[in-house]
Amino acid sequence: MNKWIRGTNAAVLSLAVIGIFIIATIFLGSVKGTQWDLTKNKQFTLSEQTLSMLKNLDKDVKITAFTGVQTQGDSIMNQHVIDILKEYEKRNKKITLVEIDPIKEPAKANQYQIDSVGTTIFESGEKSTRVYSYELFQQGSTESSYLFTGEEKFTQTLLNLGSDATHPVYFLSGHNEVPAAQMSVFRSSLESANYTLNELNLFKEGKIPDDAEAVFLVGPQTDLDEKEAAALKEYVQGKGKLYIAVGYAKDLEKWKNINDLLAAVNVKNPNAIALESGRTTLTDKLTIIPEYGSHQITNDLSSQDRVTILPLALALQTDSANTDYRANALLATTSEAYGETDIAQLTTTSKTSKDATDLSGPLDLAYAVQDKDNKPKAIVIGNAQFLMDQVIGQQGNRDFALNAVGWLQEQTDMITIRPREESQAQQALLMPGDGNKIFYGTVIGFPLLFLVIGGVIWWRRRKG
């Protein structure tokens, strides 16, 4: 009788534990938006910007991810994309996610005109946008790591689908500016935010187009023509806005018209290269790690301790008494830095010490310029190299560049979410025999071992 009671109690207890487990699983599964992300880099934790966007999304969106495997790394990239898109789908019922293997379902791939795996299509009403896998992955800080920028790209895409507005901007050309091919990351980010990018040669066009919301001057190596500078000054003194990034150039000391254009927005170019000796860094003295000024553009970067890196930066100055255009410093050196005014000597010798003709620190390196009505009018940065592909991915460079554009265009919803850095997956090559050993050991061996042990224990108790 006692054995029967003990057996009954054990059975009832086992059923109770199983029942509690099932009920707890059903309950936790029904709680929307509640989860614990235990991954190293919080792979499944969405940012506040994304959560806010998803909360306000009120249009039906169909996301079709074409995730076939053609190369060794495709499966890892596909998993990143699907995992984060599932998080979007969980948090808004208006989002529907469909995964298609274009290799197994070529008819559907042809329907969407898919020419490569890793393409994700967002559709809402009559609007659609494509996001390609090469836009989502970048080289990390080491050779064995990579950056995944999927959340930023997908969130901005959803924002753009909900907006019919486009923003035409023009990149000035004709003065050996930084080529578009060397700023593909920066330009792609602008296009993702509904900016329409156009090239503008003022001698060819004759004027600044009427629809231009901003004109970008990035890394000119030669001076503007007097008429070009006059047209740009008239433009910015009217309704126009300027994004100017000027750095070292061979003829920098001969510039007149670019300097006149800067002066029109209360910025002076003293023709001095900043050298930093006030901090110990992993870089040389010509690469500046500036201090942040207090501003909407830089506050988040400062709170996250994400630095901006400027190789070969120009010092800038402003007149604080000017009330028509107020230039607020965004970046500055330490007080121990100085501005080398003898640029020719700097580039031909190893001189690294301050003399009487050099500027004393701290030196301003970037300004956000407002007019007397507190409207954004210009961004002026004493560096253009930080916008180039090989540098913009470092630390906070990309966020600073895009935050500055967002502020200039009064776009507070321009998303700049920090990419997640992941380690490359470690792969082990197995021979067929090794694979069979793992299969038989884990699928057959271990379960059989536990079954035998359980049987032995049951038998001994039955006999005892």
# chains A, B, ... in the order shown; residues from 1 in each chain; ligands from 1

call {"tool": "select_by_dssp", "arguments": {"residues": "range 137-383 of chain A", "states": "alpha helix (DSSP H)", "output": "PyMOL selection string"}}
result
chain A and resi 150-161+184-192+202-205+226-237+257-264+299-303+343-348

call {"tool": "residues_around", "arguments": {"residues": "range 255-269 of chain A", "least_positions_apart": "2", "cutoff": "9 Å", "atoms": "only C-alpha atoms", "output": "ChimeraX atom specification"}}
result
/A:222-230,232-233,236-237,244,251-253,271-272,314-320,322,324-327,367,369-371,377-378,380,382

call {"tool": "closest_residue", "arguments": {"among": "A:Tyr134, A:Tyr88, A:Phe148, A:Tyr195", "to": "Val117 in chain A", "atoms": "only C-alpha atoms"}}
result
A:Tyr134

call {"tool": "select_by_dssp", "arguments": {"residues": "range 64-301 of chain A", "states": "strand (DSSP E or B)", "output": "PyMOL selection string"}}
result
chain A and resi 64-66+95-100+119-124+127-132+137-139+145-148+167-172+195-200+214-218+242-245+268+273-275+287-288+291-292

call {"tool": "residues_around", "arguments": {"residues": "range 175-185 of chain A", "least_positions_apart": "3", "cutoff": "8 Å", "atoms": "only C-alpha atoms", "output": "compact mmCIF listing (two decimals) with C-alpha atoms, in the first residue's frame"}}
result
# COMPACT_ATOMS: atom_id res chain seq x y z
CA LEU A 172 28.67 71.14 -55.47
CA SER A 188 23.58 56.03 -48.90
CA SER A 189 22.52 57.10 -45.40
CA LEU A 217 30.41 71.62 -50.33
CA VAL A 218 32.64 68.71 -49.30
CA GLY A 219 36.42 68.79 -49.48
CA PRO A 220 37.13 71.32 -52.29
CA GLN A 221 40.77 71.39 -53.38
CA THR A 222 40.50 74.61 -55.39
CA ASP A 223 38.81 77.90 -54.64
CA LEU A 224 35.33 78.83 -55.79
CA ALA A 384 36.13 66.56 -44.98
CA LEU A 387 33.04 61.71 -44.33
CA MET A 388 35.03 59.29 -46.49
CA ASP A 389 34.19 55.60 -46.41
CA ILE A 392 33.21 57.54 -41.36

call {"tool": "closest_residue", "arguments": {"among": "A:Phe450, A:Trp407, A:Tyr338, A:Tyr248", "to": "Asn383 in chain A", "atoms": "only C-alpha atoms"}}
result
A:Tyr248

call {"tool": "atom_distance", "arguments": {"atom1": "CA of Glu191 in chain A", "atom2": "CA of Thr120 in chain A"}}
result
16.5 Å

call {"tool": "atom_distance", "arguments": {"atom1": "CA of Ser302 in chain A", "atom2": "CA of Leu359 in chain A"}}
result
26.1 Å

call {"tool": "closest_residue", "arguments": {"among": "A:Gly454, A:Asp364, A:Asp305, A:Ala231", "to": "Gly206 in chain A", "atoms": "only C-alpha atoms"}}
result
A:Ala231

call {"tool": "residues_around", "arguments": {"residues": "Leu136 in chain A", "least_positions_apart": "6", "cutoff": "9 Å", "atoms": "only C-alpha atoms", "output": "PyMOL selection string"}}
result
chain A and resi 77+81+147-153

call {"tool": "atom_distance", "arguments": {"atom1": "CA of Ile63 in chain A", "atom2": "CA of Glu105 in chain A"}}
result
16.8 Å

call {"tool": "closest_residue", "arguments": {"among": "A:Val391, A:Ile100, A:Gly396, A:Leu51", "to": "Ser303 in chain A", "atoms": "only C-alpha atoms"}}
result
A:Gly396

call {"tool": "closest_residue", "arguments": {"among": "A:Ala321, A:Leu402, A:Leu312, A:Val443", "to": "Phe186 in chain A", "atoms": "only C-alpha atoms"}}
result
A:Leu402

call {"tool": "closest_residue", "arguments": {"among": "A:Lys86, A:Ile95, A:Pro376, A:Glu205", "to": "Lys239 in chain A", "atoms": "only C-alpha atoms"}}
result
A:Pro376

call {"tool": "residues_around", "arguments": {"residues": "Thr166 in chain A", "least_positions_apart": "4", "cutoff": "12 Å", "atoms": "only C-alpha atoms", "output": "list in words"}}
result
Asn160, Leu161, Gly162, Leu190, Glu191, Ser192, Ala193, Asn194, Tyr195, Thr196, Leu197, Asp211, Ala212, Glu213, Gln409 and Gln411 of chain A
